[in-house]
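Peer 1: Structure incoming, see below.
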There are 4 protein chains.
Amino acid sequence: MTRIRDFGVTPGMLPPGSLNAITDVTGVRVGHATLIAGEGALREGEGPVRTGVTAIVPHGGNVFLDKVSAAVCTMNGFGKVAGFEQVRERGTIEAPILLTNTLNVGRVVDAGVAYMLRQNPHIGIENKHGTVNVVVGECNDGFVNDLRGRHVGQAEVWAAIESATDGIVQEGNVGGGTGTQCFQFKGGIGSASRMVHDGRYTVGALVQTNYGMRSEMMILGAPVGQHFIDSHLPEPGPGSIMMVLATDAPMNSRQLGRMARRAAFALGRTGTCGQDGSGDFVIAFSTTSRRAHLTDTLDEAAPRLPESGPMIDPFFLAAVESIEEAILNALVAAETLTGRDGNTLHAIPHDKLRDVLQHYRRIES
Amino acid sequence: MTRIRDFGVTPGMLPPGSLNAITDVTGVRVGHATLIAGEGALREGEGPVRTGVTAIVPHGGNVFLDKVSAAVCTMNGFGKVAGFEQVRERGTIEAPILLTNTLNVGRVVDAGVAYMLRQNPHIGIENKHGTVNVVVGECNDGFVNDLRGRHVGQAEVWAAIESATDGIVQEGNVGGGTGTQCFQFKGGIGSASRMVHDGRYTVGALVQTNYGMRSEMMILGAPVGQHFIDSHLPEPGPGSIMMVLATDAPMNSRQLGRMARRAAFALGRTGTCGQDGSGDFVIAFSTTSRRAHLTDTLDEAAPRLPESGPMIDPFFLAAVESIEEAILNALVAAETLTGRDGNTLHAIPHDKLRDVLQHYRRIES
Amino acid sequence: MTRIRDFGVTPGMLPPGSLNAITDVTGVRVGHATLIAGEGALREGEGPVRTGVTAIVPHGGNVFLDKVSAAVCTMNGFGKVAGFEQVRERGTIEAPILLTNTLNVGRVVDAGVAYMLRQNPHIGIENKHGTVNVVVGECNDGFVNDLRGRHVGQAEVWAAIESATDGIVQEGNVGGGTGTQCFQFKGGIGSASRMVHDGRYTVGALVQTNYGMRSEMMILGAPVGQHFIDSHLPEPGPGSIMMVLATDAPMNSRQLGRMARRAAFALGRTGTCGQDGSGDFVIAFSTTSRRAHLTDTLDEAAPRLPESGPMIDPFFLAAVESIEEAILNALVAAETLTGRDGNTLHAIPHDKLRDVLQHYRRIES
Amino acid sequence: MTRIRDFGVTPGMLPPGSLNAITDVTGVRVGHATLIAGEGALREGEGPVRTGVTAIVPHGGNVFLDKVSAAVCTMNGFGKVAGFEQVRERGTIEAPILLTNTLNVGRVVDAGVAYMLRQNPHIGIENKHGTVNVVVGECNDGFVNDLRGRHVGQAEVWAAIESATDGIVQEGNVGGGTGTQCFQFKGGIGSASRMVHDGRYTVGALVQTNYGMRSEMMILGAPVGQHFIDSHLPEPGPGSIMMVLATDAPMNSRQLGRMARRAAFALGRTGTCGQDGSGDFVIAFSTTSRRAHLTDTLDEAAPRLPESGPMIDPFFLAAVESIEEAILNALVAAETLTGRDGNTLHAIPHDKLRDVLQHYRRIES
């Protein structure tokens, strides 16, 4: 698995965590279910299938009973994400976050609900146990995948959740990124992290890329897209990007929302102008700012992050840098993929990318 | 089917349309699928079932190709509604609106997507045809229904859409309102309408009630709840309310949003203070402000509604009055229902309600 | 000074604090500067003057250095309020809240800034001390006042702040409510409070009324407006309402925002449908959830309010009831006022109001 | 006056209008009042003064009577902007847009109101003529200016409005940009434009820069800031940025809001991560989508912009490119300025900037 640092670049100014992945945030786990089956002409409901689902599990406990503070940010709302309203209102996430394809959101919501029902037998029966909200993001992988077939079901969702681990995050053509693109190259899942305040806190990012016009593409400031303007340009225009941010700092929902909104600057660094059809969404949570599902006390004290500039600015920088690097990791980890009707998404050629970065003096020659 | 006007009251100041229902807005159609099966103890996945789905179809054409201007308003976001982000961004609705139960949203989204895919074979294949966004609302009917069983599937959703008609709207224990309540009485689906500007335009409302504390309940200004404070009070606290507004005035998304936000005043008139657990949402659309899915011209002219106070205020009043009356219609149309584990939601006793309204001089004695 | 409870009614279910005013929230102080001068024909810049400013001071310390958690809610944004953006972003208020007339907002902002600069000599000089945000609300008192004259300046603003006290709140024709109306009667400033969780916490409200169509007017459920439909109806239509909520519970900005949004239900109880021209805004703060202007620690623990329904619902009810009662207090405290060009806003006749409330059995006969 | 194209670069892909300024949008006019007076030690209320105000007049008519569709976007709300609530609600701007310094907002609002009152003698007197909303943006120029002195008053505001012209826009140390910075260099006012759809429509931008950490600074992809990391770094950290977008396309408020939100991508291209203390705001309007103050018809037809991707994407690109170039124009037009207490903001050295851009092959060597 190639990562952008293998090109000899160290994007940004802050140091990454030990894995340089969202799993550097203690407790966060990531799992994928990847579906690749069939070849040739599209037969709706049969395939070819090039899709999947990625689960980001906020912590190792019961997330419904021990919710994490969270925020969502919609940069461009042309998308079918689920579960956002309750996050805005209550400021918490109470289930694993799931990333899949656009038309599969309904089935993935249902599978996520089913998972939470199994884990929490009182949900939906005793009133005080309420119901459960599942947050799902999506990208359109229909250029290579039988999108209309909606092939991700309960088996895949549960597998993604149950296989989630806290080690290295698989990147590229996996999970929800199996069939997605990035500036009209093959893209997929990417991750990165940054440490702030001398390593005291960590911010991690995981992205599912599907966005970007080739002509706009910039990498670390180099106008890379212009050098690949005619090569392997697939028909489909820009899709979306899902961005997940995690931190172990005790940020509340409002603060997480502020950090989430900085994701736009990371996208800006990559050259996009945010096409109409690109649903760009951010989901952010804190593993240390939690709320119990039920409480019977009016007396709580909780840790919180001060908010003067010197305290919170490093988190904003960390969010921008980790999302930028996660995108670049998705890009260089992805491998060329041929799907339905022979449609192919090409990986960015690493050698030429290295040449271009050298040309613009972004890496040593 | 009893309606609130059968009590001799004419709520509000504006005249209703001929059906006094959302279907007074030309082209709007409503259909229900109602699921009532089984009795006795709850057996998850089997029943008893007391639920359903209601479809509001904006017009008789292909809603995907001929989208209606729309807005959503989240008054209290504790709910699992789907499809809101894209409505906010693009200002349109492109599929029938579906109302069901809380844990069934995923399956209903999927069924709605499947319906639209069947109708529009190019969605998800050719890039310019994009994907489709389905708006779904929900209430928690778990007091009487096997909520965890998620019994509403494709058959029910398609039946609701395909049976939708433009005549009288069935109210009470039907569709998405089959198992829901209203101020801890049995509630369900209700509808009403108002004419504005001397009948030139119509505003229609359809609600799925599940909200309200008995103690707060007011009807037409009378503190009705206080007179029923001990009678038939089920354990479950307040749930949610979904409110759908339709108009044939050429209001754009921003204007529809303004109208939608007035729904809070209708709820206020009924006495609620909006409990934490009550997800209160409004979905509004215009049948005459439309956008084609694809256009190849930069030259469009479209009708639009002027926005000085005298022009738009009647719409605000119409929205408040039609939602208020729709709620009251749901309440008095609903019939006592016993569901899982023998749990019963009682209809409000009409005779005593009449007495109370007379006592407070809201109707002739 | 007449209050609504003098009519023998006890609106709502929760008990009020000892003063039944926003000043029941420990530390909160209220001051008014009232300008009444001149009679006869309007001479722009000279008078007649019927206006003023009301200051709500969150606590007795230096509010800039010791900010209070806060939220704002715009129900209908047709107004010229100031300072809302920073409250949304940072979740704090850092200066006294000021209520004045519509065209006077600029001058009152400037006077509020000047006050804070005097108190905090480092603002605007040393970078870390930053700048200061002043929140100002407004209503249009131009029916009786030389609105274009913008008569509220630094002297009045400073007097309002410096005279603020924690005792009984003056109501009716005072401060920012000097020239305002309420359902086309004379209105003005009103206040009320509620205790929740057995007196452990208090919620207080202060309103500056200027809203409401006579025909819609309801009091405690009685359609009062219909009984005064022809009496003393001034030309001007509905204006705005500013609502300020304070609590001593440790609610964060998001929670305060949730409480603030419930204000719409209070307005709904009074019959309004929220006319286009009525800017309706809520400003809420907590006296016990504070943030220091500068901190040099990353380790903070702070009290916080749990958010399950039983914990937070009483605050929602308290907000609705205290705003409703504050409006009624403004209405019955206000006295008939004649201003520019002989324009008169009439106080609601108390005897007839009592008769109407008796007729509808809202008070004992 | 140096502009970024004088360095031999043509930022972006779209062609600029003939002036490459916001005034390429027909009817838009820009005027400045620049205040430079005094030297030496700060004496509050006296000086030194290094500030001003910039007016953007949407069209040559009476903007109050003939309002322009508009939207605002708050990227980071740490700022004291005025007038945003009414733009959100009503979707229109009805007065010249004014840009000044942070603590001067109150006075500039008041001066703007006074200007509109003079032009419209019925405002505030006859109810149907209502009141007037003035939109004001601001940056903190306190490093060089007597910020606390609030030196911009009615004379300056009226002069800026009345001197507004439709020709070349003065850039750099003028108007609201007199004392502001850009990545800790001297910045100020900048402008640029782009043509879309083969010249049929124009998008223009005007910015008031005050934002950015030197270390993050990127120009056209080159990490310029790293090459100036120790040179002339003033004490003050990042401030804000105000961005104004104009177009002659008939975009409604929602569409303008979508375009305005793309401004974040332009900032991202320049390397910022959006510091806590940087209030970043966008104000967008359309000169051809207008609403009359009063109408007496319910029958209106109006031009509107279709919204499929191919129709609206060019506007998003134009917004990003014109804001990016406007920022660069502000940077290279600005001249070194010494203000209060000898504090100096240095212009970016053009020769070294050229060298750095050559080094990274962004311009020919």
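Just so we're on the same page: first chain in the structure tokens is A, next is B, and so on; residues restart at 1 for each chain, and ligands are numbered from 1 in the order they show up.
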Taking only C-alpha atoms into account, report as a PyMOL selection string which residues of chain B lie within 8 Å of chain C.
Peer 2: chain B and resi 75-76+218+220-223+258+261-262+264-277+308-309+312-313+316-317+320+359-362
Peer 1: Please produce a file of the residues just selected, as a CSV table (one decimal), in the first residue's frame, where the atoms kept are N, CA and C atoms.
Peer 2:
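Saved as result-v5.csv:
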```
chain,number,residue,atom,x,y,z
B,75,MET,N,-37.7,21.6,13.4
B,75,MET,CA,-38.0,22.3,14.6
B,75,MET,C,-37.3,21.7,15.8
B,76,ASN,N,-37.3,20.4,15.9
B,76,ASN,CA,-36.5,19.6,16.9
B,76,ASN,C,-36.0,18.4,16.2
B,218,MET,N,-54.1,21.7,24.4
B,218,MET,CA,-55.1,22.7,24.2
B,218,MET,C,-55.7,22.5,22.8
B,220,LEU,N,-58.2,24.6,20.3
B,220,LEU,CA,-58.9,25.9,20.0
B,220,LEU,C,-58.9,26.8,21.2
B,221,GLY,N,-57.8,26.7,22.0
B,221,GLY,CA,-57.7,27.6,23.1
B,221,GLY,C,-58.2,27.0,24.4
B,222,ALA,N,-59.0,25.9,24.4
B,222,ALA,CA,-59.5,25.3,25.6
B,222,ALA,C,-58.4,24.3,26.2
B,223,PRO,N,-58.2,24.4,27.5
B,223,PRO,CA,-57.2,23.5,28.1
B,223,PRO,C,-57.8,22.1,28.2
B,258,ARG,N,-39.7,29.8,4.7
B,258,ARG,CA,-40.4,30.7,5.7
B,258,ARG,C,-41.7,30.2,6.1
B,261,ARG,N,-41.5,27.3,8.6
B,261,ARG,CA,-41.1,27.7,9.9
B,261,ARG,C,-42.3,28.1,10.8
B,262,ARG,N,-43.3,28.6,10.1
B,262,ARG,CA,-44.6,29.0,10.8
B,262,ARG,C,-45.3,27.8,11.5
B,264,ALA,N,-44.4,26.0,13.7
B,264,ALA,CA,-44.2,26.0,15.1
B,264,ALA,C,-45.4,26.7,15.8
B,265,PHE,N,-45.9,27.8,15.2
B,265,PHE,CA,-47.0,28.5,15.8
B,265,PHE,C,-48.3,27.6,15.9
B,266,ALA,N,-48.4,26.8,14.9
B,266,ALA,CA,-49.6,25.9,14.9
B,266,ALA,C,-49.4,24.9,16.1
B,267,LEU,N,-48.2,24.4,16.3
B,267,LEU,CA,-48.0,23.5,17.4
B,267,LEU,C,-48.2,24.2,18.7
B,268,GLY,N,-47.7,25.4,18.8
B,268,GLY,CA,-47.9,26.2,20.0
B,268,GLY,C,-49.3,26.4,20.4
B,269,ARG,N,-50.2,26.6,19.4
B,269,ARG,CA,-51.6,26.7,19.6
B,269,ARG,C,-52.2,25.5,20.3
B,270,THR,N,-51.6,24.3,20.1
B,270,THR,CA,-52.1,23.1,20.7
B,270,THR,C,-51.5,22.8,22.0
B,271,GLY,N,-50.6,23.7,22.5
B,271,GLY,CA,-50.1,23.6,23.9
B,271,GLY,C,-48.8,23.0,24.1
B,272,THR,N,-48.2,22.4,23.1
B,272,THR,CA,-47.0,21.7,23.4
B,272,THR,C,-45.8,22.6,23.7
B,273,CYS,N,-44.8,22.1,24.4
B,273,CYS,CA,-43.6,22.9,24.5
B,273,CYS,C,-42.4,22.2,23.8
B,274,GLY,N,-42.7,21.1,23.1
B,274,GLY,CA,-41.7,20.6,22.2
B,274,GLY,C,-40.7,19.7,23.0
B,275,GLN,N,-41.1,18.6,23.5
B,275,GLN,CA,-40.2,17.8,24.3
B,275,GLN,C,-39.0,17.3,23.6
B,276,ASP,N,-38.0,17.1,24.3
B,276,ASP,CA,-36.7,16.6,23.8
B,276,ASP,C,-36.8,15.5,22.8
B,277,GLY,N,-37.7,14.5,23.1
B,277,GLY,CA,-37.8,13.3,22.3
B,277,GLY,C,-38.7,13.4,21.2
B,308,SER,N,-43.8,41.1,-0.5
B,308,SER,CA,-44.1,42.1,0.5
B,308,SER,C,-45.2,41.4,1.4
B,309,GLY,N,-45.3,42.0,2.6
B,309,GLY,CA,-46.1,41.4,3.6
B,309,GLY,C,-47.5,41.1,3.2
B,312,ILE,N,-47.4,37.7,1.1
B,312,ILE,CA,-47.0,36.5,1.7
B,312,ILE,C,-47.6,36.2,3.1
B,313,ASP,N,-48.1,37.2,3.8
B,313,ASP,CA,-48.6,36.9,5.1
B,313,ASP,C,-49.8,35.9,5.1
B,316,PHE,N,-48.6,32.4,5.4
B,316,PHE,CA,-48.2,32.1,6.7
B,316,PHE,C,-49.4,31.7,7.6
B,317,LEU,N,-50.4,32.5,7.5
B,317,LEU,CA,-51.7,32.2,8.2
B,317,LEU,C,-52.3,30.9,7.8
B,320,VAL,N,-50.4,28.0,9.2
B,320,VAL,CA,-50.7,27.7,10.7
B,320,VAL,C,-52.1,27.1,10.8
B,359,HIS,N,-67.8,24.1,27.5
B,359,HIS,CA,-67.5,24.7,28.7
B,359,HIS,C,-66.7,26.0,28.5
B,360,TYR,N,-65.8,25.9,27.7
B,360,TYR,CA,-64.9,27.1,27.4
B,360,TYR,C,-65.4,27.9,26.3
B,361,ARG,N,-66.7,27.7,25.9
B,361,ARG,CA,-67.4,28.5,24.9
B,361,ARG,C,-66.7,28.5,23.6
B,362,ARG,N,-66.1,27.4,23.2
B,362,ARG,CA,-65.5,27.4,21.9
B,362,ARG,C,-66.5,26.8,20.9
```
Peer 1: Extract, using only C-alpha atoms, all DNA, RNA and protein residues at most 9 Å from Arg194 of chain A, discarding same-chain residues fewer than 3 positions from it, and format them as a list in words.
Peer 2: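 Residues meeting the cut-off are Leu14, Pro15, Pro16, Gly17, Asn20, Ala21, Asp24, Gly199, Tyr201, Thr202, Val203, Gly204, Ala205, Phe315, Leu317, Ala318, Ala319, Glu321 and Ser322 of chain A.
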Peer 1: For Asp341 of chain A, which residue among A:Ser69, A:Ser193, A:Thr102, A:Asn145 is the nearest when counting only C-alpha atoms?
Peer 2: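 Selected residue with least distance to Asp341 of chain A: A:Asn145.
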Peer 1: Write out as a VMD selection string the set of residues from segment 114-256 of chain A that DSSP, computed on the backbone, places in helix (DSSP H, G or I).
Peer 2: chain A and resid 114 to 119 127 to 129 147 to 149 154 to 162 175 to 177 214 to 216 224 to 227 253 to 256
Peer 1: For each of D:Glu364, D:Val224, D:Leu42, D:Glu325, take the minimum atom-to-atom distance to His350 of chain D, counting only C-alpha atoms, then give the residue where this is smallest.
Peer 2: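 Of the candidates, the smallest distance to His350 of chain D is held by D:Val224.
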Peer 1: List the neighbours of Gly172 of chain B out to 6 Å using only C-alpha atoms; skip same-chain residues closer than 4 positions along the sequence, and give me the result as a VMD selection string.
Peer 2: chain B and resid 188 to 189 330 333 to 334
Peer 1: I'd like to know which residues of segment 226-265 of chain A are strand (DSSP E) (by DSSP, run on the backbone); could you write them as an MDAnalysis selection string?
Peer 2: chainID A and resid 241:247
Peer 1: May I have the residues from that selection written out with N, CA, C and O atoms, as a tab-separated table (two decimals), in the first residue's frame?
Peer 2:
```tsv
chain	number	residue	atom	x	y	z
A	241	ILE	N	-17.39	13.77	-1.68
A	241	ILE	CA	-16.40	13.33	-0.71
A	241	ILE	C	-17.01	13.30	0.68
A	241	ILE	O	-17.71	14.23	1.08
A	242	MET	N	-16.76	12.20	1.37
A	242	MET	CA	-17.16	12.06	2.76
A	242	MET	C	-15.90	12.18	3.61
A	242	MET	O	-14.90	11.53	3.31
A	243	MET	N	-15.97	12.99	4.63
A	243	MET	CA	-14.81	13.20	5.50
A	243	MET	C	-15.20	12.96	6.94
A	243	MET	O	-16.16	13.54	7.44
A	244	VAL	N	-14.46	12.10	7.61
A	244	VAL	CA	-14.72	11.81	9.03
A	244	VAL	C	-13.52	12.28	9.84
A	244	VAL	O	-12.38	11.95	9.50
A	245	LEU	N	-13.80	13.06	10.88
A	245	LEU	CA	-12.75	13.54	11.77
A	245	LEU	C	-12.98	12.99	13.17
A	245	LEU	O	-14.11	13.02	13.67
A	246	ALA	N	-11.93	12.51	13.80
A	246	ALA	CA	-12.01	12.05	15.18
A	246	ALA	C	-10.94	12.74	15.99
A	246	ALA	O	-9.87	13.07	15.47
A	247	THR	N	-11.22	12.97	17.26
A	247	THR	CA	-10.20	13.53	18.15
A	247	THR	C	-10.40	12.99	19.54
A	247	THR	O	-11.53	12.62	19.92
```
Peer 1: Nearest to Asn62 of chain B: which of B:Gly31, B:Asn101, B:Ile283, B:Arg290 is it, counting only C-alpha atoms?
Peer 2: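 Smallest distance to Asn62 of chain B is found for B:Arg290.
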Peer 1: Leaving out Phe64 of chain C and any residue of its chain fewer than 6 positions from it, which residues lie within 12 Å of it when counting only C-alpha atoms, given as a ChimeraX atom specification?
Peer 2: /C:57-58,92-96,112-113,115-123,129-134,290-294
Peer 1: Please, what distance in Å, to one decimal, runs between atom CA of Ala37 of chain D and atom CA of Val49 of chain D?
Peer 2: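 Atom CA of Val49 of chain D lies 5.0 Å from atom CA of Ala37 of chain D.
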Peer 1: Show which residues sit within 10 Å of Gly40 of chain A, as a PyMOL selection string. Count only C-alpha atoms, and ignore same-chain residues fewer than 3 positions away.
Peer 2: chain A and resi 43+47-48+338-343
Peer 1: Can you tell me, as JSON, numbers by chain, what residues are no more than 9 Å from His227 of chain D when counting only C-alpha atoms, ignoring any on the same chain fewer than 2 positions away?
Peer 2: {"D": [215, 223, 224, 225, 229, 230, 231, 352, 353, 356]}
Peer 1: Write out, as a PDB file, in the first residue's frame, the residues just selected, with N, CA, C and O atoms.
Peer 2:
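Output file part-v4.pdb is given in full below:
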```
ATOM      1  N   SER D 215       3.213  31.314   7.936  1.00  0.00           N
ATOM      2  CA  SER D 215       3.764  29.977   7.710  1.00  0.00           C
ATOM      3  C   SER D 215       2.920  29.143   6.749  1.00  0.00           C
ATOM      4  O   SER D 215       3.421  28.255   6.080  1.00  0.00           O
ATOM      5  N   PRO D 223       4.606  27.464  -1.941  1.00  0.00           N
ATOM      6  CA  PRO D 223       4.599  27.704  -0.491  1.00  0.00           C
ATOM      7  C   PRO D 223       5.376  28.960  -0.136  1.00  0.00           C
ATOM      8  O   PRO D 223       6.410  28.913   0.535  1.00  0.00           O
ATOM      9  N   VAL D 224       4.861  30.066  -0.591  1.00  0.00           N
ATOM     10  CA  VAL D 224       5.546  31.348  -0.492  1.00  0.00           C
ATOM     11  C   VAL D 224       5.871  31.706   0.946  1.00  0.00           C
ATOM     12  O   VAL D 224       6.957  32.213   1.258  1.00  0.00           O
ATOM     13  N   GLY D 225       4.937  31.442   1.827  1.00  0.00           N
ATOM     14  CA  GLY D 225       5.126  31.838   3.217  1.00  0.00           C
ATOM     15  C   GLY D 225       6.408  31.285   3.822  1.00  0.00           C
ATOM     16  O   GLY D 225       7.085  31.965   4.602  1.00  0.00           O
ATOM     17  N   ILE D 229       9.466  33.440   6.094  1.00  0.00           N
ATOM     18  CA  ILE D 229       8.998  33.069   7.420  1.00  0.00           C
ATOM     19  C   ILE D 229       9.541  33.977   8.510  1.00  0.00           C
ATOM     20  O   ILE D 229       8.904  34.190   9.530  1.00  0.00           O
ATOM     21  N   ASP D 230      10.729  34.560   8.281  1.00  0.00           N
ATOM     22  CA  ASP D 230      11.296  35.394   9.332  1.00  0.00           C
ATOM     23  C   ASP D 230      11.275  36.872   9.004  1.00  0.00           C
ATOM     24  O   ASP D 230      11.695  37.696   9.802  1.00  0.00           O
ATOM     25  N   SER D 231      10.803  37.191   7.805  1.00  0.00           N
ATOM     26  CA  SER D 231      10.962  38.580   7.397  1.00  0.00           C
ATOM     27  C   SER D 231       9.743  39.410   7.756  1.00  0.00           C
ATOM     28  O   SER D 231       8.628  39.100   7.355  1.00  0.00           O
ATOM     29  N   LYS D 352      11.365  39.305  -4.592  1.00  0.00           N
ATOM     30  CA  LYS D 352      11.539  37.981  -4.005  1.00  0.00           C
ATOM     31  C   LYS D 352      10.323  37.101  -4.291  1.00  0.00           C
ATOM     32  O   LYS D 352      10.455  35.901  -4.513  1.00  0.00           O
ATOM     33  N   LEU D 353       9.163  37.717  -4.292  1.00  0.00           N
ATOM     34  CA  LEU D 353       7.963  36.941  -4.641  1.00  0.00           C
ATOM     35  C   LEU D 353       8.109  36.359  -6.045  1.00  0.00           C
ATOM     36  O   LEU D 353       7.809  35.188  -6.292  1.00  0.00           O
ATOM     37  N   VAL D 356      10.437  33.430  -5.949  1.00  0.00           N
ATOM     38  CA  VAL D 356       9.838  32.219  -5.370  1.00  0.00           C
ATOM     39  C   VAL D 356       8.887  31.578  -6.365  1.00  0.00           C
ATOM     40  O   VAL D 356       8.886  30.352  -6.537  1.00  0.00           O
TER      41      VAL D 356
END
```
Peer 1: Could you check the closest approach to Val207 of chain A for each of A:Leu99, A:Ile125, A:Leu233, A:Val144 and tell me which residue wins, using only C-alpha atoms?
Peer 2: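 Checking each of A:Leu99, A:Ile125, A:Leu233, A:Val144 against Val207 of chain A, counting only C-alpha atoms, the winner is A:Leu99.
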Peer 1: Closest to Arg148 of chain D among D:Gly61, D:Arg50, D:Arg88, D:Met213, using only C-alpha atoms?
Peer 2: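 Result for the nearest residue to Arg148 of chain D: D:Arg50.
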Peer 1: May I have the residues within 6 Å of Thr165 of chain D as a ChimeraX atom specification, using only C-alpha atoms and disregarding those fewer than 2 positions away in the same chain?
Peer 2: /D:29-30,167
Peer 1: With only C-alpha atoms as the atoms that count, which of D:Leu98, D:Gly124, D:Lys80, D:Asp355 lies nearest to Asp110 of chain C?
Peer 2: D:Lys80
